[in-house]
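S.K.: Can you keep this structure in mind? I'll have questions shortly.
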Amino acid sequence: KKITVTVIKADVGGCVGHSSVHSALIEKAQGMLKGSSLLIDSYVAHVGDDINLIMTHELGRNNGEIHQLAWDTFVACTEIAKKLKLYGAGQDLLADAFSGNIKGLGPGVAEMEFEERKSEPIVIFMADKTEPGAWNLPLYKIFADPFNTAGLVIDPSMHDGFIFEVRDLIENTRVNFSAPEDIYDMLVFIGAPGRYCIKRVFHKKTGEIAAVSSTQRLNLMAGRYVGKDDPVCIVRCQSGMPAVGEVLEPFTKPHLVSGWMRGSHSGPLMPVSMQQATPSRFDGPPRVVALGFQLADGKLIGPQDFFADPAFDQARQMANEIASYMRSLGPFEPHRLHLDEMEYTTMPQVLKKLKDRFEKLR
Ligand code: 13P
Ligand code: 13P
Ligand code: MG
Ligand code: MG
Ligand code: MG
Ligand code: MG
């Protein structure tokens, strides 16, 4: 019997501004999911202004009914968000109506289907004020870096390594890399996380799914790419997969990610508890929450709020220091994102206004 874990997320209105989700929306979402006969179990979480629907079922990936349930839940939450005049009500629902599959309609999706093992620990990462490429560095460390993951060296069931499926979000292509032998080639691409994203990781020897992210194709609209948004990622742990602690370890060193303030700035990804998942300073810095569950016949036993552990205090401290340094750069790159990565820009208007003041040099 195969279990599918589906995580679908959307921002359908922030409270206050882009910092959090109003409890009325969380309660509505919980009620909608608990009331559905399609699911084995569900858990509703939020990080910043994004609602994350964590669902287990037996209907497989890309199931129309499951995607419809998530869509209807976000639509119902949007109605409340509109009544409360929350900020950006319905912001991530880009389509007017649901049409079979939620992909491309705005919400982010990560799903994996597998035979539940004797014990099935999973970690669900959810981030705000960043983009899907934010998982590239931690996924590389978890599944390919022996200085992070001891099991790659000392566990016979992991020693052969993992396969990485990487997507080019602009050309809409995919390519597989085999670690460790292809890592230098792979890093050429995944070191550019605004374009190349790790979509899936597979155990090399068994072919089992190990991780999946909410990476979505980018659509060129109005001269800029849209479809990058606050991402989620599911990772299976233990028994041939990395240990829970190996999966969490990369987040002890906050790396720089894109998506802070107006989606147009770079900043450190701070690991936080659910309670601390309320980005406020300059609408950030970007946050990541890690919820752990043991699956039991599809039931979600948990969650454990991993980054509530005081062992992550130092990472938060480091993130605050990096945040202050990045903020000191103000409107200069690399705090401000490169021109073609900004969500907001005044460049066309300013160029137009000043066009007569530009002199051609020869
Ligand atoms: P325990 O001995 O506590 O089960 O830990 C096993 C382990 O390898 C943790 O990484
Ligand atoms: P969200 O993508 O989380 O809505 O944040 C928007 C933003 O740019 C806040 O400054
Ligand atoms: Mg928002
Ligand atoms: Mg958000
Ligand atoms: Mg958003
Ligand atoms: Mg954003």
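Please note that chains go A, B, ... in the order of the structure tokens, that every chain numbers its residues from 1, and that ligands are numbered from 1 in the order shown.
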Compile a residue-level contact table for chain A against ligand 2 at a cut-off of 7 Å, reporting for every qualifying residue the shortest atom pair and its distance in Å to one decimal, with only C-alpha atoms and all ligand atoms counted, rows ordered by chain and ascending number, as CSV.

M.R.:
```
residue,atom,partner,partner_atom_place_in_ligand_line,distance
A:Asp11,CA,ligand 2,4 (O),6.4
A:His18,CA,ligand 2,4 (O),5.4
A:Gly48,CA,ligand 2,3 (O),6.7
A:Asp49,CA,ligand 2,3 (O),5.6
A:Asp50,CA,ligand 2,3 (O),6.7
A:Asp128,CA,ligand 2,3 (O),5.5
A:Lys129,CA,ligand 2,3 (O),4.8
A:Asp229,CA,ligand 2,2 (O),6.3
A:Asp230,CA,ligand 2,2 (O),6.2
A:Gly259,CA,ligand 2,8 (O),6.7
A:Trp260,CA,ligand 2,10 (O),6.0
A:Met261,CA,ligand 2,10 (O),3.4
A:Arg262,CA,ligand 2,8 (O),2.8
A:Gly263,CA,ligand 2,8 (O),4.0
A:Ser264,CA,ligand 2,8 (O),7.0
A:Asp283,CA,ligand 2,10 (O),5.0
```

S.K.: Using the chain letters and numbers from this document, which residues of segment 40-124 of chain A does DSSP assign to alpha helix (DSSP H), as an NGL selection string?

M.R.: :A and (64-83)

S.K.: Just write the chosen residues, N, CA and C atoms, as a PDB file, in the first residue's frame.

M.R.:
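selection_12.pdb was written with the following content:
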```pdb
ATOM      1  N   GLY A  64      -6.265  15.057  -8.940  1.00  0.00           N
ATOM      2  CA  GLY A  64      -7.166  16.190  -9.150  1.00  0.00           C
ATOM      3  C   GLY A  64      -8.020  16.518  -7.938  1.00  0.00           C
ATOM      4  N   GLU A  65      -8.510  15.471  -7.250  1.00  0.00           N
ATOM      5  CA  GLU A  65      -9.380  15.718  -6.095  1.00  0.00           C
ATOM      6  C   GLU A  65      -8.616  16.350  -4.928  1.00  0.00           C
ATOM      7  N   ILE A  66      -7.379  15.886  -4.727  1.00  0.00           N
ATOM      8  CA  ILE A  66      -6.554  16.441  -3.644  1.00  0.00           C
ATOM      9  C   ILE A  66      -6.195  17.901  -3.963  1.00  0.00           C
ATOM     10  N   HIS A  67      -5.810  18.135  -5.212  1.00  0.00           N
ATOM     11  CA  HIS A  67      -5.457  19.509  -5.604  1.00  0.00           C
ATOM     12  C   HIS A  67      -6.675  20.430  -5.508  1.00  0.00           C
ATOM     13  N   GLN A  68      -7.840  19.882  -5.884  1.00  0.00           N
ATOM     14  CA  GLN A  68      -9.080  20.666  -5.783  1.00  0.00           C
ATOM     15  C   GLN A  68      -9.376  21.012  -4.320  1.00  0.00           C
ATOM     16  N   LEU A  69      -9.172  20.042  -3.428  1.00  0.00           N
ATOM     17  CA  LEU A  69      -9.410  20.283  -2.000  1.00  0.00           C
ATOM     18  C   LEU A  69      -8.528  21.431  -1.500  1.00  0.00           C
ATOM     19  N   ALA A  70      -7.245  21.418  -1.910  1.00  0.00           N
ATOM     20  CA  ALA A  70      -6.335  22.483  -1.496  1.00  0.00           C
ATOM     21  C   ALA A  70      -6.788  23.823  -2.089  1.00  0.00           C
ATOM     22  N   TRP A  71      -7.158  23.799  -3.349  1.00  0.00           N
ATOM     23  CA  TRP A  71      -7.612  25.032  -4.013  1.00  0.00           C
ATOM     24  C   TRP A  71      -8.847  25.600  -3.304  1.00  0.00           C
ATOM     25  N   ASP A  72      -9.834  24.710  -3.059  1.00  0.00           N
ATOM     26  CA  ASP A  72     -11.072  25.157  -2.395  1.00  0.00           C
ATOM     27  C   ASP A  72     -10.774  25.709  -0.996  1.00  0.00           C
ATOM     28  N   THR A  73      -9.800  25.086  -0.328  1.00  0.00           N
ATOM     29  CA  THR A  73      -9.430  25.547   1.017  1.00  0.00           C
ATOM     30  C   THR A  73      -8.840  26.965   0.933  1.00  0.00           C
ATOM     31  N   PHE A  74      -7.964  27.180  -0.036  1.00  0.00           N
ATOM     32  CA  PHE A  74      -7.370  28.516  -0.177  1.00  0.00           C
ATOM     33  C   PHE A  74      -8.420  29.549  -0.603  1.00  0.00           C
ATOM     34  N   VAL A  75      -9.376  29.123  -1.438  1.00  0.00           N
ATOM     35  CA  VAL A  75     -10.450  30.050  -1.841  1.00  0.00           C
ATOM     36  C   VAL A  75     -11.283  30.432  -0.620  1.00  0.00           C
ATOM     37  N   ALA A  76     -11.610  29.445   0.227  1.00  0.00           N
ATOM     38  CA  ALA A  76     -12.410  29.719   1.434  1.00  0.00           C
ATOM     39  C   ALA A  76     -11.641  30.633   2.391  1.00  0.00           C
ATOM     40  N   CYS A  77     -10.328  30.396   2.503  1.00  0.00           N
ATOM     41  CA  CYS A  77      -9.504  31.258   3.368  1.00  0.00           C
ATOM     42  C   CYS A  77      -9.428  32.681   2.800  1.00  0.00           C
ATOM     43  N   THR A  78      -9.402  32.776   1.472  1.00  0.00           N
ATOM     44  CA  THR A  78      -9.348  34.099   0.828  1.00  0.00           C
ATOM     45  C   THR A  78     -10.596  34.917   1.159  1.00  0.00           C
ATOM     46  N   GLU A  79     -11.766  34.228   1.210  1.00  0.00           N
ATOM     47  CA  GLU A  79     -13.007  34.950   1.543  1.00  0.00           C
ATOM     48  C   GLU A  79     -12.901  35.594   2.916  1.00  0.00           C
ATOM     49  N   ILE A  80     -12.341  34.850   3.872  1.00  0.00           N
ATOM     50  CA  ILE A  80     -12.155  35.414   5.215  1.00  0.00           C
ATOM     51  C   ILE A  80     -11.134  36.548   5.160  1.00  0.00           C
ATOM     52  N   ALA A  81     -10.048  36.305   4.422  1.00  0.00           N
ATOM     53  CA  ALA A  81      -8.993  37.325   4.308  1.00  0.00           C
ATOM     54  C   ALA A  81      -9.548  38.636   3.744  1.00  0.00           C
ATOM     55  N   LYS A  82     -10.496  38.493   2.791  1.00  0.00           N
ATOM     56  CA  LYS A  82     -11.096  39.702   2.199  1.00  0.00           C
ATOM     57  C   LYS A  82     -11.959  40.423   3.220  1.00  0.00           C
ATOM     58  N   LYS A  83     -12.733  39.658   3.987  1.00  0.00           N
ATOM     59  CA  LYS A  83     -13.586  40.273   5.017  1.00  0.00           C
ATOM     60  C   LYS A  83     -12.758  41.032   6.042  1.00  0.00           C
TER      61      LYS A  83
END
```

S.K.: Residues within 9 Å of ligand 1, counting only C-alpha atoms and all ligand atoms: report them as number ranges by chain.

M.R.: A: 151, 238, 242-246

S.K.: List all protein, DNA and RNA residues that have an atom no more than 12 Å from any atom of ligand 4, counting only C-alpha atoms and all ligand atoms, and report them as a ChimeraX atom specification.

M.R.: /A:9-15,17-21,46-52,87-88,91-92,107-108,126-131,228-232,259-263,277-280,283-288

S.K.: Any chance you can output those residues with C-alpha atoms as a CSV table (one decimal), in the first residue's frame?

M.R.:
```csv
chain,number,residue,atom,x,y,z
A,9,LYS,CA,1.1,26.2,0.2
A,10,ALA,CA,-0.2,29.6,-0.6
A,11,ASP,CA,-0.2,33.2,0.7
A,12,VAL,CA,-3.8,34.3,0.6
A,13,GLY,CA,-3.5,37.3,2.8
A,14,GLY,CA,-1.0,38.5,5.4
A,15,CYS,CA,-1.6,39.7,9.0
A,17,GLY,CA,1.4,43.2,6.2
A,18,HIS,CA,3.4,40.1,5.1
A,19,SER,CA,4.4,38.9,8.5
A,20,SER,CA,1.9,36.2,9.6
A,21,VAL,CA,-1.4,34.4,9.0
A,46,HIS,CA,2.2,28.6,8.6
A,47,VAL,CA,5.5,30.3,8.2
A,48,GLY,CA,5.3,34.0,7.8
A,49,ASP,CA,2.3,34.8,5.6
A,50,ASP,CA,2.1,31.4,3.9
A,51,ILE,CA,-0.4,28.7,4.8
A,52,ASN,CA,1.0,25.2,4.4
A,87,TYR,CA,-2.9,42.3,3.2
A,88,GLY,CA,-2.8,40.8,-0.3
A,91,GLN,CA,-2.4,37.0,-3.6
A,92,ASP,CA,-1.2,33.6,-4.7
A,107,PRO,CA,0.2,27.7,-4.9
A,108,GLY,CA,3.4,25.8,-4.4
A,126,MET,CA,8.7,25.5,4.9
A,127,ALA,CA,10.2,28.9,4.2
A,128,ASP,CA,9.1,32.5,3.8
A,129,LYS,CA,10.6,35.5,2.0
A,130,THR,CA,12.6,33.3,-0.3
A,131,GLU,CA,12.3,31.1,-3.4
A,228,LYS,CA,9.1,31.9,-7.8
A,229,ASP,CA,7.8,31.8,-4.3
A,230,ASP,CA,8.1,30.9,-0.7
A,231,PRO,CA,8.9,27.2,-1.0
A,232,VAL,CA,8.5,23.9,0.8
A,259,GLY,CA,13.2,37.1,-1.7
A,260,TRP,CA,13.5,39.5,1.3
A,261,MET,CA,11.7,42.9,1.2
A,262,ARG,CA,9.5,43.3,-1.8
A,263,GLY,CA,10.9,40.0,-3.1
A,277,ALA,CA,8.0,32.4,12.1
A,278,THR,CA,6.8,36.0,11.9
A,279,PRO,CA,9.4,37.8,9.7
A,280,SER,CA,9.3,41.5,10.8
A,283,ASP,CA,9.8,42.1,6.4
A,284,GLY,CA,12.4,39.4,7.3
A,285,PRO,CA,15.0,38.1,7.5
A,286,PRO,CA,13.9,35.1,5.5
A,287,ARG,CA,12.7,32.2,7.7
A,288,VAL,CA,12.7,28.4,7.6
```

S.K.: At a cut-off of 8 Å, using only C-alpha atoms, what residues contact Val5 of chain A? Leave out same-chain residues fewer than 2 positions from it and give the result as a list of chain:residue names.

M.R.: A:Ile3, A:Val7, A:Ile54, A:Met55, A:Thr56, A:His57, A:Glu111, A:Met112, A:Glu113

S.K.: Looking at only C-alpha atoms and all ligand atoms, which of A:Lys199, A:Lys28, A:His265, A:Arg167 is the one that sits closest to ligand 6?

M.R.: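 Of A:Lys199, A:Lys28, A:His265, A:Arg167, the one nearest ligand 6 is A:His265, counting only C-alpha atoms and all ligand atoms.
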
S.K.: To one decimal place, how far is atom CA of Gln276 of chain A from atom CA of Ala308 of chain A in Å?

M.R.: 8.6 Å

S.K.: Tell me, as a ChimeraX atom specification, which residues lie within 12 Å of Gly330 of chain A, counting only C-alpha atoms; anything in the same chain fewer than 4 positions away does not count.

M.R.: /A:261,264-267,282,323-326,334-337

S.K.: For Ala89 of chain A, which residue among A:Leu139, A:Val16, A:Ala134, A:Cys233 is the nearest when counting only C-alpha atoms?

M.R.: A:Val16

S.K.: State, in Å with one decimal place, the distance from atom CA of Ser178 of chain A to atom CA of Gln216 of chain A.

M.R.: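 Separating atom CA of Ser178 of chain A from atom CA of Gln216 of chain A is a distance of 22.1 Å.
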
S.K.: Can you check which residues of segment 101-201 of chain A DSSP gives as strand (DSSP E or B) on the backbone and send them as number ranges by chain?

M.R.: A: 108-115, 120-128, 162-168, 173-178, 196-201

S.K.: Any chance you could tabulate, as CSV, the residues of segment 86-168 of chain A at most 12 Å from segment 299-304 of chain A with each one's nearest atom pair and distance in Å to one decimal, using only C-alpha atoms, in chain and rising number order?

M.R.:
```
residue,atom,partner,partner_atom,distance
A:Glu116,CA,A:Lys299,CA,10.9
A:Ser119,CA,A:Ile301,CA,11.4
A:Glu120,CA,A:Leu300,CA,10.2
A:Pro121,CA,A:Ile301,CA,9.4
A:Ile122,CA,A:Leu300,CA,9.6
A:Val123,CA,A:Gln304,CA,9.1
A:Ile124,CA,A:Pro303,CA,9.6
A:Phe125,CA,A:Gln304,CA,11.9
```

S.K.: Give me the residues within 12 Å of His159 of chain A as a PyMOL selection string, counting only C-alpha atoms and dropping any in the same chain fewer than 4 places off.

M.R.: chain A and resi 143-146+149-155+179-180+203-205+240-242
